[in-house]
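The data block below is upload-v1.cif; it holds mmCIF, C-alpha atoms.
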```
data_query
#
loop_
_atom_site.label_atom_id
_atom_site.label_comp_id
_atom_site.auth_asym_id
_atom_site.auth_seq_id
_atom_site.Cartn_x
_atom_site.Cartn_y
_atom_site.Cartn_z
CA MET A 1 -0.15 9.63 -23.17
CA GLY A 2 -2.34 12.70 -23.66
CA SER A 3 -5.47 10.56 -23.80
CA ASN A 4 -4.81 8.80 -20.49
CA PRO A 5 -7.23 9.56 -17.66
CA LEU A 6 -5.80 11.62 -14.81
CA VAL A 7 -4.84 9.55 -11.76
CA SER A 8 -4.92 11.22 -8.34
CA VAL A 9 -2.83 9.64 -5.58
CA VAL A 10 -3.85 10.66 -2.05
CA THR A 11 -1.29 10.37 0.76
CA PRO A 12 -2.25 11.11 4.38
CA SER A 13 0.80 11.86 6.51
CA PHE A 14 1.76 12.70 10.06
CA ASP A 15 5.34 12.77 11.40
CA GLN A 16 6.72 10.28 8.88
CA ALA A 17 9.46 12.33 7.26
CA GLN A 18 11.84 9.35 7.31
CA PHE A 19 9.63 7.48 4.81
CA LEU A 20 7.81 10.26 2.99
CA GLU A 21 10.36 10.99 0.27
CA GLU A 22 10.46 7.34 -0.83
CA THR A 23 6.67 7.41 -1.01
CA LEU A 24 6.65 10.54 -3.16
CA ARG A 25 9.44 9.24 -5.36
CA SER A 26 7.64 5.96 -6.01
CA VAL A 27 4.76 7.94 -7.50
CA GLU A 28 6.95 10.31 -9.52
CA LEU A 29 8.88 7.38 -11.02
CA GLN A 30 5.74 5.86 -12.53
CA ASN A 31 5.83 5.53 -16.31
CA TYR A 32 2.20 6.69 -16.40
CA ARG A 33 1.09 10.25 -16.95
CA PRO A 34 -0.84 12.41 -16.07
CA ILE A 35 -0.56 12.10 -12.27
CA HIS A 36 -1.99 14.38 -9.58
CA GLN A 37 -0.33 13.73 -6.21
CA ILE A 38 -1.92 15.07 -3.03
CA VAL A 39 -0.41 14.97 0.47
CA ILE A 40 -2.64 15.79 3.43
CA ASP A 41 -0.42 16.38 6.45
CA GLY A 42 -1.87 16.49 9.95
CA GLY A 43 0.49 19.15 11.32
CA SER A 44 3.79 17.28 11.43
CA LYS A 45 6.67 18.52 13.59
CA ASP A 46 9.41 16.17 12.34
CA GLY A 47 10.69 17.85 9.19
CA SER A 48 7.92 16.65 6.88
CA LEU A 49 6.90 20.21 5.98
CA LYS A 50 10.41 21.16 4.82
CA LEU A 51 10.49 18.03 2.73
CA LEU A 52 7.11 18.84 1.17
CA GLN A 53 8.15 22.42 0.46
CA ALA A 54 11.33 21.22 -1.23
CA TRP A 55 9.42 18.63 -3.26
CA GLU A 56 6.89 21.22 -4.40
CA ALA A 57 9.71 23.52 -5.56
CA GLN A 58 11.23 20.86 -7.83
CA ASP A 59 10.41 20.59 -11.54
CA HIS A 60 8.58 17.28 -11.99
CA GLY A 61 7.34 17.89 -15.54
CA SER A 62 4.08 19.25 -16.89
CA ASP A 63 2.11 15.99 -16.55
CA TYR A 64 2.87 15.57 -12.84
CA SER A 65 1.04 17.98 -10.53
CA PHE A 66 1.64 18.13 -6.80
CA GLU A 67 -0.23 19.79 -3.98
CA TRP A 68 -0.15 19.53 -0.23
CA MET A 69 -1.67 21.03 2.87
CA SER A 70 -0.86 20.80 6.57
CA GLU A 71 -3.35 21.38 9.35
CA PRO A 72 -4.59 19.51 12.42
CA ASP A 73 -7.23 16.91 11.61
CA ARG A 74 -9.39 14.35 13.36
CA GLY A 75 -7.18 11.49 12.27
CA HIS A 76 -6.31 9.25 9.35
CA ALA A 77 -9.83 8.95 7.92
CA ASP A 78 -10.45 12.70 8.12
CA ALA A 79 -7.21 13.41 6.24
CA LEU A 80 -8.15 10.91 3.54
CA ASN A 81 -11.60 12.43 3.05
CA LYS A 82 -9.94 15.83 2.53
CA GLY A 83 -7.62 14.29 -0.05
CA PHE A 84 -10.40 12.47 -1.88
CA ASP A 85 -12.34 15.74 -2.08
CA ARG A 86 -9.33 17.44 -3.67
CA GLY A 87 -8.71 14.64 -6.16
CA ARG A 88 -9.38 15.67 -9.76
CA GLY A 89 -8.57 12.35 -11.41
CA GLU A 90 -11.00 9.84 -12.88
CA ILE A 91 -8.95 7.22 -11.02
CA VAL A 92 -7.82 7.54 -7.39
CA GLY A 93 -5.08 5.73 -5.47
CA TRP A 94 -4.54 5.72 -1.70
CA LEU A 95 -0.88 5.48 -0.68
CA ASN A 96 0.06 6.04 2.96
CA SER A 97 3.20 8.02 3.72
CA ASP A 98 5.15 4.95 4.86
CA ASP A 99 4.25 2.80 1.82
CA VAL A 100 5.47 2.78 -1.80
CA TYR A 101 4.42 1.62 -5.24
CA PHE A 102 6.39 -1.51 -6.04
CA ASP A 103 7.45 -0.95 -9.63
CA ILE A 104 7.24 1.81 -12.22
CA ASN A 105 4.31 0.11 -13.95
CA ALA A 106 1.92 0.02 -10.97
CA ILE A 107 -0.32 2.93 -12.02
CA GLN A 108 -0.23 1.98 -15.71
CA ARG A 109 -1.25 -1.58 -14.81
CA ALA A 110 -4.18 -0.38 -12.71
CA ALA A 111 -5.37 2.19 -15.27
CA SER A 112 -5.16 -0.38 -18.08
CA ALA A 113 -7.20 -2.88 -16.07
CA LEU A 114 -9.91 -0.31 -15.38
CA ALA A 115 -9.97 0.72 -19.04
CA ALA A 116 -10.26 -2.91 -20.19
CA HIS A 117 -13.04 -3.64 -17.67
CA PRO A 118 -15.51 -0.75 -17.59
CA GLU A 119 -17.77 -2.81 -15.31
CA VAL A 120 -15.05 -2.86 -12.61
CA ASP A 121 -15.00 -0.15 -9.93
CA LEU A 122 -11.77 -1.00 -8.09
CA VAL A 123 -8.59 -2.92 -8.88
CA PHE A 124 -6.02 -4.26 -6.44
CA GLY A 125 -2.97 -6.50 -6.43
CA ASP A 126 -0.49 -8.38 -4.30
CA VAL A 127 1.94 -6.60 -1.98
CA ALA A 128 5.57 -6.88 -0.89
CA LEU A 129 6.00 -6.66 2.85
CA ILE A 130 9.07 -4.47 3.36
CA SER A 131 11.11 -3.53 6.40
CA GLU A 132 11.73 -0.10 7.85
CA SER A 133 14.81 0.17 5.59
CA SER A 134 12.99 -1.18 2.47
CA GLY A 135 14.25 -4.74 2.81
CA LEU A 136 12.05 -7.40 1.19
CA GLN A 137 10.49 -9.62 3.87
CA MET A 138 7.96 -11.65 1.85
CA ILE A 139 5.19 -11.34 -0.73
CA TRP A 140 1.66 -11.22 0.61
CA CYS A 141 -0.79 -12.51 -1.99
CA PHE A 142 -4.57 -12.23 -2.14
CA PRO A 143 -7.34 -14.17 -3.85
CA GLU A 144 -10.01 -12.56 -6.01
CA PHE A 145 -12.47 -10.55 -3.95
CA LYS A 146 -15.64 -12.33 -2.84
CA TYR A 147 -17.80 -10.68 -0.24
CA GLU A 148 -18.50 -13.77 1.85
CA ARG A 149 -14.76 -14.48 1.89
CA ALA A 150 -14.00 -10.85 2.81
CA LEU A 151 -16.15 -11.30 5.91
CA ARG A 152 -13.70 -14.05 6.94
CA GLY A 153 -10.74 -11.67 6.61
CA TYR A 154 -9.78 -12.07 2.94
CA LEU A 155 -9.50 -8.44 1.90
CA PHE A 156 -6.43 -6.87 0.28
CA SER A 157 -3.66 -4.44 1.08
CA GLN A 158 -4.73 -0.79 0.84
CA PRO A 159 -1.71 0.65 -1.07
CA THR A 160 -2.42 -1.72 -3.99
CA ALA A 161 -5.91 -0.31 -4.57
CA PHE A 162 -7.02 2.08 -7.33
CA PHE A 163 -10.67 2.99 -7.74
CA ARG A 164 -12.85 5.17 -9.89
CA LYS A 165 -13.52 8.65 -8.54
CA SER A 166 -17.22 8.00 -8.99
CA LEU A 167 -16.95 5.16 -6.46
CA ILE A 168 -15.19 7.13 -3.72
CA ASP A 169 -17.59 10.04 -4.31
CA ARG A 170 -20.39 7.70 -3.22
CA HIS A 171 -18.52 6.45 -0.15
CA ARG A 172 -16.67 8.32 2.55
CA LEU A 173 -14.57 7.15 5.44
CA GLU A 174 -16.07 7.54 8.90
CA PRO A 175 -13.91 10.28 10.53
CA THR A 176 -14.47 8.90 14.03
CA LEU A 177 -13.05 5.48 13.06
CA LYS A 178 -9.45 5.59 14.26
CA LEU A 179 -8.51 2.01 13.29
CA ALA A 180 -9.08 -0.11 10.17
CA PRO A 181 -10.64 2.61 7.97
CA ASP A 182 -9.62 0.59 4.91
CA THR A 183 -11.47 -2.50 6.15
CA ALA A 184 -14.60 -0.41 6.71
CA LEU A 185 -14.32 1.16 3.25
CA TRP A 186 -13.75 -2.10 1.35
CA LEU A 187 -16.63 -3.81 3.15
CA THR A 188 -18.96 -0.90 2.43
CA MET A 189 -17.93 -0.61 -1.22
CA GLY A 190 -17.79 -4.36 -1.77
CA ARG A 191 -21.48 -4.94 -1.16
CA LYS A 192 -22.31 -3.69 -4.66
CA ALA A 193 -19.10 -2.57 -6.37
CA LYS A 194 -17.04 -4.93 -8.53
CA PHE A 195 -13.37 -5.49 -7.62
CA LEU A 196 -10.67 -7.05 -9.81
CA HIS A 197 -7.22 -8.49 -9.00
CA VAL A 198 -4.59 -7.30 -11.53
CA GLY A 199 -2.34 -10.34 -10.98
CA ALA A 200 0.84 -8.48 -10.03
CA ILE A 201 2.72 -6.98 -7.06
CA GLN A 202 1.48 -3.41 -6.90
CA ALA A 203 2.93 -1.91 -3.72
CA GLY A 204 5.31 -2.19 -0.81
CA ASP A 205 3.65 -2.26 2.62
CA ARG A 206 6.20 -1.06 5.16
CA ASP A 207 6.53 -2.78 8.52
CA HIS A 208 7.96 -0.52 11.24
CA GLY A 209 7.56 -0.06 14.95
CA GLY A 210 5.37 3.03 14.70
CA ARG A 211 2.67 1.70 12.40
CA LEU A 212 -0.78 1.32 13.91
CA THR A 213 -0.96 -2.41 13.19
CA ASN A 214 2.03 -2.86 15.53
CA VAL A 215 1.21 -0.22 18.12
CA SER A 216 -2.49 -1.07 18.48
CA ARG A 217 -2.67 -4.69 17.31
CA THR A 218 -5.25 -5.91 19.84
CA ALA A 219 -7.51 -2.89 19.34
CA LEU A 220 -7.16 -3.25 15.57
CA GLN A 221 -8.23 -6.90 15.70
CA GLN A 222 -11.22 -6.00 17.86
CA THR A 223 -12.23 -3.22 15.47
CA HIS A 224 -11.94 -5.55 12.49
CA GLU A 225 -14.10 -8.13 14.26
CA GLN A 226 -16.75 -5.52 15.01
CA LEU A 227 -16.76 -4.31 11.39
CA VAL A 228 -17.20 -7.74 9.82
CA ARG A 229 -19.90 -8.66 12.37
CA ALA A 230 -21.76 -5.44 11.54
CA CYS A 231 -21.63 -6.43 7.86
CA GLY A 232 -23.14 -9.86 8.48
CA ALA A 233 -20.21 -12.17 9.23
CA PRO A 234 -21.47 -15.39 10.87
CA MET A 235 -20.56 -16.05 14.47
CA ARG A 236 -19.20 -19.47 13.49
CA VAL A 237 -17.38 -20.51 10.32
CA SER A 238 -18.24 -23.89 8.85
CA SER A 239 -15.66 -26.69 8.74
CA LEU A 240 -15.80 -26.62 4.93
CA ALA A 241 -15.06 -22.90 4.86
CA LYS A 242 -12.15 -23.37 7.27
CA PHE A 243 -10.73 -26.13 5.08
CA TYR A 244 -11.10 -23.96 1.98
CA ASP A 245 -9.39 -21.07 3.79
CA ARG A 246 -6.41 -23.26 4.69
CA LEU A 247 -6.05 -24.30 1.05
CA THR A 248 -6.31 -20.67 -0.06
CA LYS A 249 -3.61 -19.55 2.39
CA ALA A 250 -1.27 -22.32 1.23
CA TYR A 251 -1.86 -21.40 -2.40
CA MET A 252 -1.22 -17.72 -1.69
CA ARG A 253 2.07 -18.56 0.07
CA GLY A 254 3.06 -20.65 -2.94
CA ARG A 255 2.20 -17.88 -5.35
CA GLY A 256 4.50 -15.63 -3.36
CA LEU A 257 7.32 -18.13 -3.91
CA VAL A 258 6.71 -17.94 -7.66
CA TYR A 259 6.98 -14.15 -7.48
CA LEU A 260 10.25 -14.43 -5.55
CA GLY A 261 11.65 -16.79 -8.18
CA HIS A 262 10.84 -14.35 -10.95
CA LEU A 263 12.32 -11.43 -9.00
CA ALA A 264 15.53 -13.37 -8.31
CA GLN A 265 15.99 -14.11 -12.02
CA ASP A 266 15.16 -10.61 -13.28
CA LYS A 267 18.47 -8.89 -14.09
CA GLU A 268 16.61 -5.66 -14.88
CA LEU A 269 14.79 -5.55 -11.54
CA PRO A 270 16.58 -2.50 -10.04
CA ARG A 271 15.62 -0.46 -13.11
CA LYS A 272 11.97 -1.54 -12.84
CA LEU A 273 11.48 -0.90 -9.12
CA ALA A 274 9.94 2.35 -7.88
CA PHE A 275 11.90 2.33 -4.60
CA PRO A 276 15.34 1.11 -3.40
CA MET A 277 14.35 -2.40 -2.36
CA TRP A 278 17.03 -4.78 -1.12
CA THR A 279 17.08 -8.28 0.32
CA ASP A 280 19.49 -10.24 2.50
CA SER A 281 19.05 -13.08 -0.03
CA PHE A 282 16.17 -14.46 -2.03
CA GLY A 283 16.74 -17.75 -0.21
CA SER A 284 16.07 -16.03 3.12
CA ALA A 285 13.02 -14.33 1.62
CA ALA A 286 11.76 -17.73 0.45
CA ARG A 287 12.14 -19.14 3.97
CA ARG A 288 10.17 -16.21 5.37
CA GLN A 289 7.59 -16.74 2.65
CA LEU A 290 6.98 -20.26 3.93
CA MET A 291 7.34 -19.70 7.65
CA MET A 292 6.77 -16.05 8.61
CA ARG A 293 3.53 -15.43 10.46
CA LEU A 294 1.65 -12.45 9.07
CA GLY A 295 1.66 -9.71 11.65
CA SER A 296 5.01 -10.71 13.15
CA ARG A 297 7.97 -8.35 12.79
CA THR A 298 11.32 -9.12 11.18
CA ASP A 299 14.16 -6.69 11.91
CA MET A 300 16.34 -6.66 8.78
CA GLY A 301 18.55 -3.84 9.99
CA PRO A 302 19.67 -0.82 7.93
CA HIS A 303 19.91 -0.70 4.15
CA PRO A 304 23.18 -2.29 2.88
CA ALA A 305 24.38 1.11 1.62
CA ARG A 306 23.80 2.52 5.09
CA LYS A 307 25.63 -0.44 6.65
CA GLU A 308 28.62 0.19 4.36
CA ALA A 309 28.61 3.91 5.22
CA LEU A 310 28.59 3.12 8.94
CA LYS A 311 31.40 0.59 8.48
CA SER A 312 33.50 3.14 6.56
CA ALA A 313 32.84 5.77 9.21
CA ARG A 314 33.98 3.43 11.98
CA THR A 315 37.09 2.47 9.99
CA ALA A 316 37.95 6.12 9.44
CA ALA A 317 37.45 6.86 13.14
CA ASP A 318 39.81 4.04 14.07
#
```
Can you dump the structure from the file as structure tokens?
Amino acid sequence: MGSNPLVSVVTPSFDQAQFLEETLRSVELQNYRPIHQIVIDGGSKDGSLKLLQAWEAQDHGSDYSFEWMSEPDRGHADALNKGFDRGRGEIVGWLNSDDVYFDINAIQRAASALAAHPEVDLVFGDVALISESSGLQMIWCFPEFKYERALRGYLFSQPTAFFRKSLIDRHRLEPTLKLAPDTALWLTMGRKAKFLHVGAIQAGDRDHGGRLTNVSRTALQQTHEQLVRACGAPMRVSSLAKFYDRLTKAYMRGRGLVYLGHLAQDKELPRKLAFPMWTDSFGSAARRQLMMRLGSRTDMGPHPARKEALKSARTAAD
């Protein structure tokens, strides 16, 4: 693995100690080396700093380097720009502190795709929507990137993306943009850069009450609309485009069902995952795959191990 290019993973974080360790662990568990992991904390007060100090003190091996900083910033985009500036890798990933890489091959898959396609600047994949306790809700799939389709909302999930350092060095996030910085970045990059879908689930996108997409949904939608309009999105979408979009959405839902079938049959799945995913049943996940509206929330409750611990504690108390 000595000839592999260095991959830097940038994680902006603020008061998300409850998720942060799973995020860090999902990077450390990758079967790819070398990795340079960077956490830019915005001055957390919730125990994140103790967690980062403890993580830094651990021996992660010579091919895994870790650095972090904590100071007030101007928001999510500002923290990311600091992290991108610190990144030393030829390849860069952006993983928020409440998200995870899906399996232990995520970085290897992305690096291999970039190596096989030198004309490609960014690779992305499909994403598992997971609950606050890492329960599998559904698989969110994406078509190949086309700019005119991106202007109609067909982008991709940020934690699945890996891009060449040379690309992010040419583009920076607007620090004053408080919502949808990923949308702004992909639309700016996508005008000229080439993107490629790796054809696999690359990350887990965590749904919880504190995430911006839930707290500021209306403002987020308005910001997204403003961004795509600024990039040339038409005021009206043709009937043909709407019909094509409906077919695409149906196909993407179906592709998610195929993923779920493969996951249900994989006896080695727990060993391959980069985080402690669980599901109530793959049948329930399949129903959500067909019926769940993207953006809606599904409360799956605590992790089964946590449920069992609570049950045992109540039994002992009785």
Would you kindly return, as a PyMOL selection string, each protein, DNA or RNA residue with an atom no farther than 12 Å from any atom of segment 117-124 of chain A, considering only C-alpha atoms and excluding same-chain residues fewer than 4 positions away?
chain A and resi 90-94+106-113+141-145+155-170+185-186+189-203
Report as a list in words all protein, DNA and RNA residues lying within 7 Å of Glu67 of chain A, evaluated on only C-alpha atoms, omitting residues in the same chain fewer than 3 positions from it.
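Returned residues: Gln37, Ile38 and Val39 of chain A.
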Keeping only C-alpha atoms, take the residues you just selected and write them out as a PDB file, in the frame of the given file.
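That gives us again_16.pdb:
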```
ATOM      1  CA  GLN A  37      -0.330  13.730  -6.210  1.00  0.00           C
ATOM      2  CA  ILE A  38      -1.920  15.070  -3.030  1.00  0.00           C
ATOM      3  CA  VAL A  39      -0.410  14.970   0.470  1.00  0.00           C
TER       4      VAL A  39
END
```
Which residue, A:Arg25, A:His224, A:Arg255, A:His76, has the smallest gap to Asn96 of chain A when you use all atoms listed in the file?
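Among the listed residues, A:His76 lies closest to Asn96 of chain A.
Across the chains present, the PyMOL selection byres ((chain A and resi 239-250) around 12) applied to this file returns Trp140, Cys141, Phe142, Pro143, Glu144, Glu148, Arg149, Ala150, Leu151, Arg152, Gly153, Tyr154, Pro234, Arg236, Val237, Ser238, Tyr251, Met252, Arg253, Gly254, Arg255, Gly256, Leu257, Gln289, Leu290, Met291, Arg293 and Leu294 of chain A.
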Would you write out those residues with C-alpha atoms, as a compact mmCIF listing (two decimals), in the coordinates of the input?
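See part.txt below for the written result:
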```txt
# COMPACT_ATOMS: atom_id res chain seq x y z
CA TRP A 140 1.66 -11.22 0.61
CA CYS A 141 -0.79 -12.51 -1.99
CA PHE A 142 -4.57 -12.23 -2.14
CA PRO A 143 -7.34 -14.17 -3.85
CA GLU A 144 -10.01 -12.56 -6.01
CA GLU A 148 -18.50 -13.77 1.85
CA ARG A 149 -14.76 -14.48 1.89
CA ALA A 150 -14.00 -10.85 2.81
CA LEU A 151 -16.15 -11.30 5.91
CA ARG A 152 -13.70 -14.05 6.94
CA GLY A 153 -10.74 -11.67 6.61
CA TYR A 154 -9.78 -12.07 2.94
CA PRO A 234 -21.47 -15.39 10.87
CA ARG A 236 -19.20 -19.47 13.49
CA VAL A 237 -17.38 -20.51 10.32
CA SER A 238 -18.24 -23.89 8.85
CA TYR A 251 -1.86 -21.40 -2.40
CA MET A 252 -1.22 -17.72 -1.69
CA ARG A 253 2.07 -18.56 0.07
CA GLY A 254 3.06 -20.65 -2.94
CA ARG A 255 2.20 -17.88 -5.35
CA GLY A 256 4.50 -15.63 -3.36
CA LEU A 257 7.32 -18.13 -3.91
CA GLN A 289 7.59 -16.74 2.65
CA LEU A 290 6.98 -20.26 3.93
CA MET A 291 7.34 -19.70 7.65
CA ARG A 293 3.53 -15.43 10.46
CA LEU A 294 1.65 -12.45 9.07
```
Need the shell around Asp280 of chain A: protein/DNA/RNA residues with any atom at most 9 Å away, counting all atoms listed in the file. Skip same-chain ones fewer than 6 positions apart. Format as a VMD selection string?
chain A and resid 135 to 136 300 304
Skip Ala57 of chain A itself and residues of its chain fewer than 6 positions away, then list as a PyMOL selection string all residues within 12 Å of it, counting only C-alpha atoms.
chain A and resi 50-51+65-68
Work out how far atom CA of Leu80 of chain A is from atom CA of Pro181 of chain A, in Å to one decimal.
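Pair atom CA of Pro181 of chain A / atom CA of Leu80 of chain A returns 9.7 Å.
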Leu260 of chain A surroundings by all atoms listed in the file, 8 Å radius, close-in-sequence under 4 positions cut, as a VMD selection string:
chain A and resid 139 256 264 282 285 to 286
Give me the box for segment 63-70 of chain A as lines of an AutoDock Vina configuration file, namely the centre and edge lengths in Å to one decimal of a box along x, y and z that holds every listed atom plus 8 Å on each side.
```
center_x = 0.6
center_y = 18.3
center_z = -5.0
size_x = 20.5
size_y = 21.5
size_z = 39.1
```
A:Glu174, A:Asp207, A:Asp99, A:Asp266: which is nearest Glu22 of chain A, counting all atoms listed in the file?
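Looking at the shortest contact to Glu22 of chain A, the residue is A:Asp99.
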Taking only C-alpha atoms into account, which of A:Leu6, A:Asp63, A:Asp78, A:Thr188 comes nearest His171 of chain A?
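Between A:Leu6, A:Asp63, A:Asp78, A:Thr188, the residue approaching His171 of chain A most closely is A:Thr188.
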Nearest residue to Gly89 of chain A from the set A:Ser26, A:Asp205, A:Thr183, A:Pro34 (distances using all atoms listed in the file):
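So, comparing all the options, the nearest one is A:Pro34.
The coordinates place atom CA of Ala116 of chain A at 22.5 Å from atom CA of Gly87 of chain A.
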Which residues, named as in the file, does the PyMOL selection byres ((chain A and resi 44) around 12) pick out? Answer as a short mmCIF file (atom, residue, chain, number, x, y, z; two decimals) with C-alpha atoms, keeping the file's coordinate frame.
```
data_model
loop_
_atom_site.label_atom_id
_atom_site.label_comp_id
_atom_site.auth_asym_id
_atom_site.auth_seq_id
_atom_site.Cartn_x
_atom_site.Cartn_y
_atom_site.Cartn_z
CA PRO A 12 -2.25 11.11 4.38
CA SER A 13 0.80 11.86 6.51
CA PHE A 14 1.76 12.70 10.06
CA ASP A 15 5.34 12.77 11.40
CA GLN A 16 6.72 10.28 8.88
CA ALA A 17 9.46 12.33 7.26
CA LEU A 20 7.81 10.26 2.99
CA VAL A 39 -0.41 14.97 0.47
CA ILE A 40 -2.64 15.79 3.43
CA ASP A 41 -0.42 16.38 6.45
CA GLY A 42 -1.87 16.49 9.95
CA GLY A 43 0.49 19.15 11.32
CA LYS A 45 6.67 18.52 13.59
CA ASP A 46 9.41 16.17 12.34
CA GLY A 47 10.69 17.85 9.19
CA SER A 48 7.92 16.65 6.88
CA LEU A 49 6.90 20.21 5.98
CA LYS A 50 10.41 21.16 4.82
CA LEU A 51 10.49 18.03 2.73
CA LEU A 52 7.11 18.84 1.17
CA MET A 69 -1.67 21.03 2.87
CA SER A 70 -0.86 20.80 6.57
CA GLU A 71 -3.35 21.38 9.35
CA PRO A 72 -4.59 19.51 12.42
CA ASP A 73 -7.23 16.91 11.61
#
```
I need the residue nearest Leu24 of chain A from this list: A:Tyr147, A:Arg287, A:Glu225, A:Ala274. Use only C-alpha atoms for the distance.
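With only C-alpha atoms as the atom set, the closest residue is A:Ala274.
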Which of these residues is nearest to Phe275 of chain A, using only C-alpha atoms: A:His36, A:Gln30, A:Gln58, A:Phe102?
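Nearest candidate to Phe275 of chain A out of A:His36, A:Gln30, A:Gln58, A:Phe102: A:Phe102.
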Just how far from atom CA of Ala77 of chain A is atom CA of Pro175 of chain A, in Å to one decimal?
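So the answer is 5.0 Å.
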Please write a file for segment 174-193 of chain A, taken from the block I just shared, that holds N, CA and C atoms and is laid out as a tab-separated table (two decimals), in the first residue's frame.
```tsv
chain	number	residue	atom	x	y	z
A	174	GLU	N	-18.16	29.38	0.05
A	174	GLU	CA	-18.44	30.75	0.44
A	174	GLU	C	-18.74	30.79	1.94
A	175	PRO	N	-17.84	31.40	2.76
A	175	PRO	CA	-18.01	31.35	4.22
A	175	PRO	C	-19.32	31.94	4.71
A	176	THR	N	-19.89	32.87	3.97
A	176	THR	CA	-21.13	33.51	4.42
A	176	THR	C	-22.36	32.64	4.14
A	177	LEU	N	-22.19	31.56	3.36
A	177	LEU	CA	-23.33	30.70	3.03
A	177	LEU	C	-23.55	29.72	4.18
A	178	LYS	N	-24.62	29.91	4.93
A	178	LYS	CA	-24.88	29.11	6.12
A	178	LYS	C	-25.60	27.81	5.80
A	179	LEU	N	-26.31	27.74	4.67
A	179	LEU	CA	-27.07	26.56	4.30
A	179	LEU	C	-26.66	26.09	2.91
A	180	ALA	N	-26.73	24.78	2.70
A	180	ALA	CA	-26.47	24.15	1.40
A	180	ALA	C	-25.10	24.49	0.81
A	181	PRO	N	-24.02	24.48	1.61
A	181	PRO	CA	-22.71	24.74	1.01
A	181	PRO	C	-22.29	23.65	0.03
A	182	ASP	N	-22.77	22.42	0.25
A	182	ASP	CA	-22.44	21.34	-0.68
A	182	ASP	C	-23.10	21.57	-2.04
A	183	THR	N	-24.37	21.98	-2.04
A	183	THR	CA	-25.05	22.28	-3.30
A	183	THR	C	-24.29	23.35	-4.07
A	184	ALA	N	-23.89	24.41	-3.39
A	184	ALA	CA	-23.15	25.49	-4.05
A	184	ALA	C	-21.84	24.97	-4.63
A	185	LEU	N	-21.14	24.12	-3.88
A	185	LEU	CA	-19.85	23.61	-4.33
A	185	LEU	C	-20.00	22.70	-5.54
A	186	TRP	N	-20.96	21.76	-5.47
A	186	TRP	CA	-21.13	20.82	-6.60
A	186	TRP	C	-21.54	21.56	-7.87
A	187	LEU	N	-22.41	22.56	-7.73
A	187	LEU	CA	-22.85	23.31	-8.90
A	187	LEU	C	-21.72	24.14	-9.50
A	188	THR	N	-20.86	24.67	-8.64
A	188	THR	CA	-19.72	25.45	-9.13
A	188	THR	C	-18.71	24.53	-9.81
A	189	MET	N	-18.36	23.43	-9.14
A	189	MET	CA	-17.40	22.49	-9.70
A	189	MET	C	-17.93	21.85	-10.99
A	190	GLY	N	-19.23	21.50	-10.95
A	190	GLY	CA	-19.80	20.69	-12.02
A	190	GLY	C	-19.90	21.36	-13.36
A	191	ARG	N	-19.70	22.66	-13.43
A	191	ARG	CA	-19.75	23.35	-14.71
A	191	ARG	C	-18.67	22.81	-15.66
A	192	LYS	N	-17.49	22.52	-15.12
A	192	LYS	CA	-16.38	22.08	-15.97
A	192	LYS	C	-15.78	20.75	-15.53
A	193	ALA	N	-15.86	20.44	-14.25
A	193	ALA	CA	-15.23	19.21	-13.74
A	193	ALA	C	-16.04	17.99	-14.14
```
